[in-house]
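Next comes model-v8.cif, a file with mmCIF, C-alpha atoms and all ligand atoms.
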```cif
data_coords
loop_
_atom_site.label_atom_id
_atom_site.label_comp_id
_atom_site.auth_asym_id
_atom_site.auth_seq_id
_atom_site.Cartn_x
_atom_site.Cartn_y
_atom_site.Cartn_z
CA MET A 2 85.87 5.65 -27.26
CA ILE A 3 88.76 6.49 -29.54
CA ASP A 4 88.48 5.02 -32.98
CA PRO A 5 91.68 2.89 -33.34
CA GLU A 6 92.15 3.93 -36.95
CA GLN A 7 91.87 7.59 -36.06
CA PHE A 8 94.25 7.07 -33.16
CA ARG A 9 96.77 5.46 -35.48
CA HIS A 10 96.36 8.43 -37.81
CA SER A 11 96.92 10.99 -35.05
CA ILE A 12 100.19 9.32 -34.04
CA GLY A 13 101.35 10.21 -37.52
CA LEU A 14 103.58 7.19 -38.14
CA SER A 15 103.41 5.13 -41.32
CA ASP A 16 103.53 1.37 -41.90
CA ILE A 17 102.31 0.33 -38.47
CA ALA A 18 99.41 -1.43 -36.80
CA ILE A 19 98.65 -0.70 -33.17
CA GLU A 20 98.63 -3.78 -30.98
CA ARG A 21 97.81 -2.19 -27.66
CA VAL A 22 98.08 1.06 -25.73
CA VAL A 23 99.19 1.03 -22.11
CA PHE A 24 99.00 3.92 -19.68
CA ASP A 25 102.07 3.16 -17.63
CA GLU A 26 102.93 4.56 -14.25
CA GLY A 27 104.48 8.04 -14.08
CA ASN A 28 102.64 9.77 -16.90
CA VAL A 29 103.89 7.44 -19.59
CA LEU A 30 101.90 6.19 -22.53
CA LYS A 31 103.26 3.11 -24.28
CA ILE A 32 101.98 2.31 -27.74
CA TYR A 33 102.87 -1.20 -28.88
CA VAL A 34 103.01 -1.44 -32.64
CA THR A 35 103.92 -3.92 -35.35
CA SER A 36 105.26 -3.22 -38.80
CA THR A 37 102.85 -3.59 -41.73
CA LYS A 38 105.62 -3.12 -44.24
CA LYS A 39 106.92 -6.25 -45.88
CA GLY A 40 110.61 -6.56 -46.63
CA CYS A 41 113.70 -4.36 -46.58
CA HIS A 42 116.96 -3.88 -48.44
CA CYS A 43 119.68 -6.45 -47.70
CA HIS A 44 122.51 -4.71 -45.88
CA CYS A 45 125.06 -6.76 -47.87
CA CYS A 46 123.91 -6.67 -51.48
CA GLY A 47 121.27 -3.94 -51.32
CA ALA A 48 118.59 -6.09 -53.00
CA TRP A 49 114.98 -5.92 -51.80
CA ILE A 50 114.35 -9.00 -49.66
CA GLU A 51 111.05 -10.37 -48.33
CA ASP A 52 112.03 -13.68 -46.66
CA PHE A 53 110.83 -13.13 -43.12
CA PHE A 54 113.34 -14.48 -40.62
CA ALA A 55 112.32 -13.40 -37.11
CA LEU A 56 111.34 -10.51 -34.91
CA GLY A 57 114.23 -8.56 -33.46
CA GLU A 58 114.77 -7.22 -29.95
CA GLU A 59 112.11 -4.87 -28.68
CA ILE A 60 112.94 -1.19 -29.13
CA SER A 61 111.27 1.73 -27.46
CA LEU A 62 111.22 5.11 -29.21
CA ARG A 63 110.25 8.37 -27.57
CA HIS A 64 107.53 10.13 -29.59
CA LEU A 65 105.59 13.42 -29.43
CA PRO A 66 103.60 13.80 -26.20
CA MET A 67 99.87 13.01 -26.17
CA PHE A 68 97.23 13.79 -23.53
CA GLY A 69 100.00 15.34 -21.44
CA HIS A 70 101.83 12.02 -21.38
CA GLN A 71 105.29 11.06 -22.50
CA VAL A 72 104.77 8.69 -25.40
CA PHE A 73 106.88 5.68 -26.27
CA ILE A 74 106.39 3.62 -29.41
CA VAL A 75 107.34 0.03 -28.65
CA LEU A 76 108.23 -2.14 -31.60
CA ARG A 77 109.93 -5.40 -32.39
CA PRO A 78 111.51 -4.73 -35.79
CA GLU A 79 111.20 -7.45 -38.39
CA ARG A 80 114.27 -9.20 -39.70
CA TYR A 81 114.61 -10.57 -43.20
CA GLY A 82 117.03 -13.07 -44.72
CA CYS A 83 118.72 -12.60 -48.09
CA PRO A 84 118.44 -15.57 -50.49
CA ARG A 85 121.10 -14.14 -52.82
CA CYS A 86 123.95 -13.57 -50.40
CA GLU A 87 126.13 -16.38 -49.11
CA ASP A 88 125.21 -17.56 -45.56
CA ARG A 89 121.79 -15.84 -45.96
CA PRO A 90 122.62 -12.81 -43.79
CA THR A 91 119.68 -11.15 -42.07
CA THR A 92 118.83 -7.47 -42.11
CA THR A 93 116.72 -5.62 -39.56
CA GLN A 94 113.97 -3.52 -41.09
CA THR A 95 113.89 0.18 -40.19
CA LEU A 96 110.69 2.14 -40.72
CA ASP A 97 110.76 5.63 -42.23
CA TRP A 98 109.94 7.48 -39.01
CA TYR A 99 113.08 6.67 -37.06
CA THR A 100 116.82 6.45 -37.62
CA PRO A 101 118.61 3.20 -36.74
CA ARG A 102 120.12 3.39 -33.25
CA SER A 103 118.21 6.55 -32.33
CA ARG A 104 115.94 6.21 -29.32
CA LEU A 105 113.61 8.95 -30.58
CA THR A 106 111.20 9.11 -33.51
CA LYS A 107 112.11 11.64 -36.22
CA ALA A 108 108.99 13.68 -35.33
CA PHE A 109 110.16 13.96 -31.74
CA GLU A 110 113.71 14.78 -32.81
CA GLN A 111 112.38 17.71 -34.86
CA GLU A 112 110.36 18.85 -31.86
CA VAL A 113 113.55 18.77 -29.76
CA LEU A 114 115.37 20.87 -32.37
CA LEU A 115 112.56 23.42 -32.47
CA THR A 116 112.58 23.77 -28.70
CA LEU A 117 116.34 24.16 -28.80
CA ILE A 118 116.22 27.25 -31.07
CA ASN A 119 117.22 30.27 -28.98
CA SER A 120 117.29 28.07 -25.90
CA THR A 121 119.76 25.88 -24.04
CA VAL A 122 120.31 22.13 -23.85
CA GLU A 123 119.68 22.31 -20.09
CA ASP A 124 116.36 24.05 -20.61
CA VAL A 125 115.20 21.62 -23.31
CA SER A 126 116.35 18.74 -21.16
CA ARG A 127 114.07 19.92 -18.35
CA LYS A 128 111.13 20.77 -20.60
CA GLN A 129 111.14 17.49 -22.49
CA ALA A 130 112.44 15.31 -19.65
CA LEU A 131 115.19 14.12 -21.93
CA GLY A 132 118.89 13.61 -21.16
CA SER A 133 121.37 16.15 -22.51
CA ASP A 134 123.25 13.37 -24.31
CA ALA A 135 120.13 12.54 -26.30
CA ILE A 136 119.69 16.20 -27.20
CA GLU A 137 123.34 16.52 -28.27
CA GLY A 138 122.81 13.37 -30.33
CA VAL A 139 119.88 14.93 -32.17
CA LEU A 140 121.88 18.08 -32.84
CA LYS A 141 124.67 15.95 -34.24
CA ARG A 142 122.34 13.99 -36.54
CA TYR A 143 120.52 16.99 -37.99
CA VAL A 144 122.88 19.96 -37.96
CA ALA A 145 126.23 19.79 -39.72
CA GLU A 146 129.35 20.89 -37.86
CA GLN A 147 130.58 22.90 -40.78
CA VAL A 148 129.32 24.74 -43.80
CA ASP A 149 127.81 22.86 -46.71
CA TRP A 150 128.87 24.83 -49.77
CA SER A 151 126.35 23.08 -51.99
CA ARG A 152 123.61 25.13 -50.30
CA PHE A 153 124.80 28.30 -51.99
CA THR A 154 124.75 29.63 -55.52
CA GLN A 155 126.23 33.01 -54.57
CA LEU A 156 128.07 34.64 -51.68
CA PRO A 157 127.80 38.35 -52.46
CA ILE A 158 128.74 39.69 -49.04
CA ILE A 159 131.03 38.06 -46.48
CA GLY A 160 131.46 39.29 -42.92
CA VAL A 161 134.47 38.66 -40.71
CA ASP A 162 134.51 39.38 -37.02
CA GLU A 163 136.37 38.25 -33.94
CA ILE A 164 134.99 37.16 -30.63
CA ALA A 165 136.54 35.96 -27.37
CA LEU A 166 134.87 32.70 -26.46
CA LYS A 167 135.67 32.82 -22.79
CA LYS A 168 135.15 35.91 -20.74
CA GLY A 169 138.35 37.72 -19.92
CA HIS A 170 140.36 35.48 -22.23
CA ARG A 171 142.27 36.80 -25.14
CA ASP A 172 141.92 33.67 -27.22
CA PHE A 173 139.87 35.07 -30.04
CA VAL A 174 138.10 33.03 -32.67
CA THR A 175 137.02 34.39 -36.03
CA VAL A 176 133.38 34.28 -37.03
CA VAL A 177 132.81 34.24 -40.77
CA SER A 178 129.28 35.03 -41.90
CA ALA A 179 127.52 35.86 -45.15
CA ARG A 180 124.64 37.97 -46.24
CA LEU A 181 122.95 36.25 -49.15
CA ALA A 182 121.29 37.91 -52.14
CA ASP A 183 117.84 37.58 -50.53
CA GLY A 184 119.08 39.34 -47.40
CA GLN A 185 119.30 36.16 -45.37
CA LEU A 186 122.08 35.95 -42.83
CA THR A 187 124.06 32.75 -42.48
CA ILE A 188 127.17 31.49 -40.74
CA LEU A 189 130.06 30.06 -42.75
CA ALA A 190 132.62 29.19 -40.09
CA ILE A 191 134.05 29.69 -36.66
CA LEU A 192 137.82 29.63 -37.06
CA ALA A 193 140.28 28.62 -34.35
CA ASP A 194 142.09 31.96 -34.18
CA ARG A 195 142.22 35.32 -35.93
CA THR A 196 145.53 35.12 -37.72
CA LYS A 197 145.83 36.16 -41.33
CA ALA A 198 146.97 32.65 -42.25
CA THR A 199 143.88 31.00 -40.76
CA VAL A 200 141.42 33.41 -42.35
CA LYS A 201 143.24 33.23 -45.66
CA ALA A 202 143.15 29.42 -45.64
CA PHE A 203 139.42 29.53 -45.02
CA PHE A 204 138.77 32.03 -47.83
CA LYS A 205 140.76 29.72 -50.10
CA SER A 206 138.61 26.76 -49.08
CA ILE A 207 135.53 28.48 -50.56
CA PRO A 208 134.82 26.67 -53.85
CA LYS A 209 136.01 28.63 -56.87
CA ARG A 210 132.52 29.00 -58.35
CA LEU A 211 131.41 30.77 -55.13
CA ARG A 212 134.59 32.76 -54.64
CA ALA A 213 133.92 34.37 -58.00
CA THR A 214 130.55 35.69 -56.74
CA VAL A 215 131.95 37.53 -53.71
CA GLU A 216 131.52 41.30 -54.11
CA LEU A 217 132.18 42.71 -50.68
CA VAL A 218 133.95 41.68 -47.48
CA CYS A 219 132.83 43.49 -44.33
CA SER A 220 135.21 43.41 -41.40
CA ASP A 221 136.68 45.50 -38.66
CA LEU A 222 139.97 47.20 -39.41
CA TYR A 223 142.08 44.37 -38.08
CA ALA A 224 145.12 44.02 -40.33
CA GLY A 225 144.96 40.21 -40.38
CA PHE A 226 141.45 40.22 -41.84
CA LEU A 227 142.17 42.96 -44.35
CA GLY A 228 145.33 41.17 -45.47
CA ALA A 229 143.57 37.84 -45.87
CA ALA A 230 140.75 39.37 -47.91
CA LYS A 231 143.20 41.17 -50.17
CA ALA A 232 145.37 38.08 -50.63
CA VAL A 233 142.50 35.83 -51.70
CA PHE A 234 140.02 38.15 -53.43
CA GLY A 235 142.45 40.75 -54.75
CA ARG A 236 141.37 44.18 -55.96
CA ARG A 237 138.15 42.85 -57.54
CA VAL A 238 136.42 42.64 -54.17
CA ALA A 239 135.72 45.74 -52.08
CA VAL A 240 136.49 45.62 -48.39
CA CYS A 241 134.24 47.60 -46.14
CA ALA A 242 134.79 48.54 -42.52
CA ASP A 243 131.92 47.48 -40.36
CA ARG A 244 130.20 50.62 -39.09
CA PHE A 245 129.92 49.52 -35.50
CA HIS A 246 133.62 48.86 -35.16
CA VAL A 247 134.38 52.31 -36.53
CA ALA A 248 131.83 53.86 -34.17
CA LYS A 249 133.50 52.11 -31.26
CA LEU A 250 136.83 53.67 -32.24
CA TYR A 251 135.60 57.27 -32.19
CA ARG A 252 133.44 56.74 -29.11
CA ASP A 253 136.51 55.38 -27.35
CA GLY A 254 138.10 58.78 -28.08
CA VAL A 255 135.28 60.59 -26.29
CA GLU A 256 135.39 58.08 -23.46
CA SER A 257 139.12 58.58 -22.83
CA LEU A 258 138.57 62.33 -22.69
CA ARG A 259 135.63 61.88 -20.29
CA LYS A 260 137.83 59.89 -17.90
CA LYS A 261 140.53 62.54 -18.04
CA GLU A 262 138.08 65.39 -17.51
CA MET A 263 136.28 63.66 -14.65
CA ARG A 264 139.60 63.15 -12.88
CA ARG A 265 140.31 66.84 -13.31
CA LEU A 266 136.83 67.82 -12.04
CA LYS A 267 137.14 65.56 -9.03
CA GLY A 268 140.07 67.71 -7.91
CA GLU A 269 138.48 71.03 -8.79
CA LEU A 270 134.81 70.67 -7.79
CA SER A 271 133.27 70.39 -4.34
CA LYS A 272 132.22 66.90 -3.32
CA THR A 273 128.51 67.65 -3.80
CA GLU A 274 129.08 69.24 -7.18
CA TYR A 275 131.16 66.28 -8.35
CA GLU A 276 128.65 63.76 -7.08
CA SER A 277 125.82 65.51 -8.92
CA LEU A 278 127.54 64.39 -12.14
CA LYS A 279 126.79 60.72 -11.68
CA ASN A 280 126.38 58.26 -14.55
CA VAL A 281 127.92 60.59 -17.08
CA HIS A 282 129.52 57.58 -18.68
CA TRP A 283 126.11 56.16 -19.62
CA ILE A 284 124.51 59.48 -20.36
CA LEU A 285 127.12 60.33 -22.97
CA ARG A 286 126.57 57.02 -24.69
CA LYS A 287 122.86 57.47 -25.05
CA SER A 288 121.34 59.17 -28.05
CA ASP A 289 119.60 62.48 -27.49
CA ALA A 290 116.14 61.02 -27.86
CA ASP A 291 116.74 58.40 -25.15
CA LEU A 292 117.70 60.87 -22.42
CA SER A 293 115.38 61.68 -19.53
CA ALA A 294 114.98 65.30 -18.38
CA ASP A 295 117.19 64.51 -15.42
CA GLU A 296 119.93 63.01 -17.55
CA ARG A 297 119.76 65.98 -19.88
CA ARG A 298 120.34 68.30 -16.91
CA ILE A 299 123.36 66.30 -15.78
CA ARG A 300 124.78 66.33 -19.27
CA ARG A 301 124.34 70.09 -19.54
CA ARG A 302 126.14 70.57 -16.23
CA VAL A 303 129.07 68.37 -17.27
CA PHE A 304 129.38 70.27 -20.53
CA GLU A 305 129.45 73.57 -18.61
CA PHE A 306 132.30 72.27 -16.49
CA SER A 307 134.07 70.78 -19.50
CA PRO A 308 133.62 72.62 -22.82
CA LYS A 309 136.19 70.26 -24.31
CA LEU A 310 134.03 67.25 -23.58
CA HIS A 311 131.08 69.13 -25.02
CA GLN A 312 132.96 69.66 -28.28
CA ALA A 313 134.18 66.08 -28.45
CA HIS A 314 130.70 64.75 -27.85
CA ALA A 315 129.23 67.04 -30.53
CA LEU A 316 131.89 65.89 -33.01
CA SER A 317 131.18 62.26 -32.24
CA GLU A 318 127.46 62.86 -32.83
CA ALA A 319 128.30 64.66 -36.07
CA LEU A 320 130.19 61.59 -37.25
CA THR A 321 127.24 59.36 -36.45
CA ALA A 322 125.05 61.76 -38.44
CA ILE A 323 127.37 61.36 -41.45
CA TYR A 324 126.87 57.61 -41.21
CA GLU A 325 123.11 58.05 -41.03
CA ALA A 326 122.92 60.37 -44.04
CA PRO A 327 122.12 58.92 -47.48
CA LEU A 328 125.46 59.73 -49.10
CA THR A 329 127.34 58.34 -52.06
CA LYS A 330 130.83 57.08 -51.38
CA GLY A 331 132.34 60.28 -52.81
CA GLN A 332 130.13 62.49 -50.66
CA GLY A 333 130.84 60.33 -47.63
CA LYS A 334 134.58 60.70 -48.14
CA ARG A 335 134.31 64.49 -48.46
CA ARG A 336 132.22 64.72 -45.28
CA LEU A 337 134.69 62.54 -43.37
CA ARG A 338 137.62 64.70 -44.50
CA ALA A 339 135.73 67.85 -43.49
CA TRP A 340 135.11 66.27 -40.10
CA ILE A 341 138.84 65.69 -39.63
CA ARG A 342 139.47 69.37 -40.44
CA ARG A 343 136.90 70.45 -37.82
CA VAL A 344 138.61 68.36 -35.16
CA THR A 345 142.04 69.69 -36.06
CA LYS A 346 140.80 73.29 -36.02
CA ARG A 347 139.44 72.86 -32.50
CA GLY A 348 142.71 71.40 -31.35
CA LEU A 349 141.12 68.35 -29.77
CA SER A 350 143.56 65.50 -29.25
CA CYS A 351 141.16 62.80 -28.04
CA PHE A 352 140.43 61.70 -31.62
CA ASN A 353 144.09 61.47 -32.62
CA ARG A 354 144.14 57.71 -32.74
CA PHE A 355 140.84 57.52 -34.57
CA ILE A 356 141.91 60.12 -37.13
CA LYS A 357 145.05 58.15 -37.82
CA THR A 358 142.95 55.05 -38.51
CA LEU A 359 140.45 57.04 -40.55
CA THR A 360 143.20 58.51 -42.70
CA THR A 361 144.91 55.17 -43.26
CA HIS A 362 141.68 53.33 -44.09
CA LEU A 363 139.55 56.08 -45.61
CA GLU A 364 138.69 54.00 -48.69
CA ILE A 365 137.64 50.96 -46.67
CA ILE A 366 135.66 53.06 -44.21
CA ALA A 367 133.95 55.03 -47.00
CA ASN A 368 133.03 51.78 -48.79
CA TYR A 369 130.33 51.59 -46.16
CA PHE A 370 128.37 54.14 -48.19
CA ILE A 371 128.26 51.84 -51.22
CA GLU A 372 126.48 48.98 -49.53
CA ARG A 373 124.96 50.78 -46.59
CA GLN A 374 121.96 48.47 -46.35
CA THR A 375 124.34 45.78 -45.19
CA SER A 376 125.23 47.77 -42.13
CA GLY A 377 124.96 45.80 -38.98
CA PHE A 378 124.74 42.27 -40.29
CA VAL A 379 128.15 41.41 -38.93
CA GLU A 380 127.17 43.10 -35.70
CA GLY A 381 123.84 41.26 -35.73
CA LEU A 382 125.52 37.89 -35.78
CA ASN A 383 128.07 39.00 -33.23
CA ASN A 384 125.23 39.91 -30.87
CA LYS A 385 123.57 36.58 -31.46
CA ILE A 386 126.76 34.78 -30.45
CA LYS A 387 127.10 36.98 -27.39
CA VAL A 388 123.60 35.94 -26.36
CA LEU A 389 124.52 32.29 -26.88
CA LYS A 390 127.61 32.88 -24.76
CA ARG A 391 125.57 34.46 -22.01
CA ARG A 392 123.27 31.47 -22.06
CA GLY A 393 126.38 29.60 -21.03
CA TYR A 394 126.59 27.03 -23.76
CA GLY A 395 129.79 24.98 -23.93
CA PHE A 396 131.81 27.46 -25.86
CA THR A 397 135.14 25.77 -25.80
CA ASN A 398 133.79 23.69 -28.64
CA ARG A 399 133.76 25.64 -31.91
CA LYS A 400 131.91 22.94 -33.85
CA ARG A 401 129.12 22.89 -31.32
CA LEU A 402 128.92 26.67 -31.37
CA PHE A 403 128.68 26.58 -35.16
CA GLN A 404 125.78 24.12 -34.93
CA ARG A 405 123.99 26.26 -32.36
CA VAL A 406 124.35 29.48 -34.36
CA TYR A 407 123.23 27.63 -37.47
CA LEU A 408 120.21 26.21 -35.66
CA ASP A 409 119.24 29.60 -34.24
CA LEU A 410 119.50 31.20 -37.68
CA HIS A 411 117.84 28.52 -39.80
CA GLY A 412 116.05 26.19 -37.37
CA TYR A 413 112.52 27.42 -38.03
CA ALA A 414 112.99 27.19 -41.78
CA LEU A 415 114.49 23.71 -41.51
CA PHE A 416 112.42 22.08 -38.80
CA GLY A 417 109.39 24.33 -38.29
ZN ZN A 501 121.92 -9.76 -49.95
#
```
How would this structure read if it were set down as structure tokens?
Ligand SMILES: [Zn+2]
Amino acid sequence: MIDPEQFRHSIGLSDIAIERVVFDEGNVLKIYVTSTKKGCHCHCCGAWIEDFFALGEEISLRHLPMFGHQVFIVLRPERYGCPRCEDRPTTTQTLDWYTPRSRLTKAFEQEVLLTLINSTVEDVSRKQALGSDAIEGVLKRYVAEQVDWSRFTQLPIIGVDEIALKKGHRDFVTVVSARLADGQLTILAILADRTKATVKAFFKSIPKRLRATVELVCSDLYAGFLGAAKAVFGRRVAVCADRFHVAKLYRDGVESLRKKEMRRLKGELSKTEYESLKNVHWILRKSDADLSADERRIRRRVFEFSPKLHQAHALSEALTAIYEAPLTKGQGKRRLRAWIRRVTKRGLSCFNRFIKTLTTHLEIIANYFIERQTSGFVEGLNNKIKVLKRRGYGFTNRKRLFQRVYLDLHGYALFG
């Protein structure tokens, strides 16, 4: 036999007495309880009132599962009358373990939030046998739709990035993130577009006390972002080009040359020779260590057919090596300039666009070497959002996306 007192304890809810427990059909356990708490605050005057009036309508609250059963706590809340207020209005008592109007206990709501971390509403809905509306409701009650500035004392590093919410669409939103002093990553906003005006307005909405603590803004080299950062933070704050965006720019140079060279080889080589060069696109992207013997052979063959591509690839790898090296900003700048000279000497044109960008934004790109440990945090969040997108969450809604990113980043700390 279960000791009733122990059973009450294992349910984990305060101020209740258990009346009866019913194993209902369909794997459902109903626990009928009554309140042992006397009184509540009057909803009109706020005074503590203890004049019992009546029992309210029965409510049924979903609770944590037990013995493999869905559990419902069934309660008739007590109502109390106020002797001080005119017409003696009555107030319905709410116990600490549920929120008025919610159909779930707080313990179960937290369980739902935990299951939702890195998952989807559909999946949680199936796992917990709970409607998606109820899950959305929990998300709404517990996770704010926008940043709460009071959480922060400092915002040393801010990241700005853009992302297209719908595949193939060009309607970009701006993701603003922050890397806090303890290394923690957090999301600050998802803005409706990526115009300078929108980003600037958001930067301005950061409370003054926090704005003064910003030291570095990491972004891609998009003029709108750079302009907004400069307009709000001025010269005091360094702007740093996110490494992965820069890497994409120079790799794009190699990629355009590869396409050109492969077109040329298609005309010049025999069909068998050309077909032996398959997957070059992927092989060139991989780092040396990740290549199989077979892939290495293919790469060697391509380079024999196209010395130009060989050079371009080597120069791209050299640039990555500069990024990997522990350099000061001054050293980094010198190495980048030397790299430009090497390209020019070899007469390669595939990096022309990149070199133009590098020359224009050398300071911003070299600022990477000051705060190199931050590398990748913007990218990290971007990847997280891409995963969320792939999971197919309703991404037309920026507020909901903000909540989901926030939950994925901080859910375990908040609800675990
Ligand atoms: Zn009152």
Between CA of Tyr223 in chain A and CA of Pro208 in chain A, what is the spacing in Å?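 CA of Pro208 in chain A sits 24.8 Å away from CA of Tyr223 in chain A.
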Would you mind listing what lies within 9 Å of Gln111 in chain A as a VMD selection string, with all atoms listed in the file counted and same-chain residues fewer than 3 positions away left out? chain A and resid 106 to 108 114 to 116 139 143 416 to 417
Contacts of ligand ZN 501 (chain A), 8 Å or closer, all atoms listed in the file, given as an MDAnalysis selection string: chainID A and resid 42:48 50 82:87 89:90
Taking 5 positions as the minimum chain separation for residues in the same chain, which residues sit within 10 Å of Glu372 in chain A when counting all atoms listed in the file? Answer as an mmCIF file with C-alpha atoms, in the frame of the given file.
```cif
data_model
loop_
_atom_site.group_PDB
_atom_site.id
_atom_site.type_symbol
_atom_site.label_atom_id
_atom_site.label_comp_id
_atom_site.auth_asym_id
_atom_site.auth_seq_id
_atom_site.Cartn_x
_atom_site.Cartn_y
_atom_site.Cartn_z
ATOM 1 C CA ILE A 158 128.740 39.690 -49.040
ATOM 2 C CA LEU A 217 132.180 42.710 -50.680
ATOM 3 C CA CYS A 219 132.830 43.490 -44.330
ATOM 4 C CA CYS A 241 134.240 47.600 -46.140
ATOM 5 C CA THR A 329 127.340 58.340 -52.060
ATOM 6 C CA LYS A 330 130.830 57.080 -51.380
ATOM 7 C CA ALA A 367 133.950 55.030 -47.000
#
```
Mind listing whatever residues come within 12 Å of the point (123.9, 36.0, -26.3)? Use only C-alpha atoms, file coordinates, and give them as a PyMOL selection string. chain A and resi 119-121+164+166+381-394+396+402+405-406+409
Could those selected residues go to a file with C-alpha atoms, as a PDB file, in the coordinates of the input?
```pdb
ATOM      1  CA  ASN A 119     117.220  30.270 -28.980  1.00  0.00           C
ATOM      2  CA  SER A 120     117.290  28.070 -25.900  1.00  0.00           C
ATOM      3  CA  THR A 121     119.760  25.880 -24.040  1.00  0.00           C
ATOM      4  CA  ILE A 164     134.990  37.160 -30.630  1.00  0.00           C
ATOM      5  CA  LEU A 166     134.870  32.700 -26.460  1.00  0.00           C
ATOM      6  CA  GLY A 381     123.840  41.260 -35.730  1.00  0.00           C
ATOM      7  CA  LEU A 382     125.520  37.890 -35.780  1.00  0.00           C
ATOM      8  CA  ASN A 383     128.070  39.000 -33.230  1.00  0.00           C
ATOM      9  CA  ASN A 384     125.230  39.910 -30.870  1.00  0.00           C
ATOM     10  CA  LYS A 385     123.570  36.580 -31.460  1.00  0.00           C
ATOM     11  CA  ILE A 386     126.760  34.780 -30.450  1.00  0.00           C
ATOM     12  CA  LYS A 387     127.100  36.980 -27.390  1.00  0.00           C
ATOM     13  CA  VAL A 388     123.600  35.940 -26.360  1.00  0.00           C
ATOM     14  CA  LEU A 389     124.520  32.290 -26.880  1.00  0.00           C
ATOM     15  CA  LYS A 390     127.610  32.880 -24.760  1.00  0.00           C
ATOM     16  CA  ARG A 391     125.570  34.460 -22.010  1.00  0.00           C
ATOM     17  CA  ARG A 392     123.270  31.470 -22.060  1.00  0.00           C
ATOM     18  CA  GLY A 393     126.380  29.600 -21.030  1.00  0.00           C
ATOM     19  CA  TYR A 394     126.590  27.030 -23.760  1.00  0.00           C
ATOM     20  CA  PHE A 396     131.810  27.460 -25.860  1.00  0.00           C
ATOM     21  CA  LEU A 402     128.920  26.670 -31.370  1.00  0.00           C
ATOM     22  CA  ARG A 405     123.990  26.260 -32.360  1.00  0.00           C
ATOM     23  CA  VAL A 406     124.350  29.480 -34.360  1.00  0.00           C
ATOM     24  CA  ASP A 409     119.240  29.600 -34.240  1.00  0.00           C
TER      25      ASP A 409
END
```
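Here the question is which of A:Glu269, A:Glu380, A:Asp243, A:Glu325 gets nearest to Asn368 in chain A using all atoms listed in the file, and that residue is A:Asp243.
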My list of candidates is A:Leu363, A:Leu96, A:Leu65, A:Ile32. Which is closest to Glu110 in chain A when distances are computed with only C-alpha atoms?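 When distances to Glu110 in chain A are compared using only C-alpha atoms, the smallest one comes from A:Leu65.
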With only C-alpha atoms as the counted atoms, please give the residues lying no more than 10 Å from range 342-347 of chain A, apart from itself and same-chain residues fewer than 5 positions off, as a VMD selection string. chain A and resid 309 312 to 313 316 336 to 337 352 to 353 356
Pick out the residues sitting within 10 Å of Arg210 in chain A, and hand them over as a list in words; count all atoms listed in the file, and ignore anything fewer than 5 positions along from it in its own chain. Thr154, Gln155, Leu156 and Val215 of chain A
So how far away is CA of Leu105 in chain A from CA of Gly138 in chain A, in Å? 10.2 Å
Quick one: pull the distance between CA of Ile60 in chain A and CA of Arg104 in chain A, Å, one decimal.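 These two atoms are separated by 8.0 Å.
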Counting all atoms listed in the file, what are the residues of range 346-414 of chain A within 7 Å of range 184-204 of chain A, and for each of them which pair of atoms is the nearest and at what distance in Å, to one decimal? Sort the table by chain and rising number, as a tab-separated table.
```
residue	atom	partner	partner_atom	distance
A:Arg399	CA	A:Ile191	CA	6.2
A:Phe403	CA	A:Ile191	CA	6.4
A:Tyr407	CA	A:Ile188	CA	6.4
A:Leu410	CA	A:Thr187	CA	6.8
```
Axis-aligned box for all listed atoms of range 197-211 of chain A, 8 Å per side, centre and edges in Å to one decimal, as AutoDock Vina command-line options:
```
--center_x 139.2 --center_y 31.4 --center_z -49.6 --size_x 31.6 --size_y 25.5 --size_z 33.6
```
Do you know which residues are at most 7 Å from Leu30 in chain A counting all atoms listed in the file, after dropping those on the same chain fewer than 5 positions away, and could you put them as a short mmCIF file (atom, residue, chain, number, x, y, z; two decimals) with C-alpha atoms, in the frame of the given file?
```
data_model
loop_
_atom_site.label_atom_id
_atom_site.label_comp_id
_atom_site.auth_asym_id
_atom_site.auth_seq_id
_atom_site.Cartn_x
_atom_site.Cartn_y
_atom_site.Cartn_z
CA VAL A 23 99.19 1.03 -22.11
CA PHE A 24 99.00 3.92 -19.68
CA ASP A 25 102.07 3.16 -17.63
CA HIS A 70 101.83 12.02 -21.38
CA GLN A 71 105.29 11.06 -22.50
CA VAL A 72 104.77 8.69 -25.40
CA PHE A 73 106.88 5.68 -26.27
#
```
Pull the neighbourhood of (129.7, 44.1, -47.2) for me: all residues within 10 Å in file coordinates, counting all atoms listed in the file, as an MDAnalysis selection string. chainID A and resid 157:161 179:180 215:220 238:243 368:369 371:379
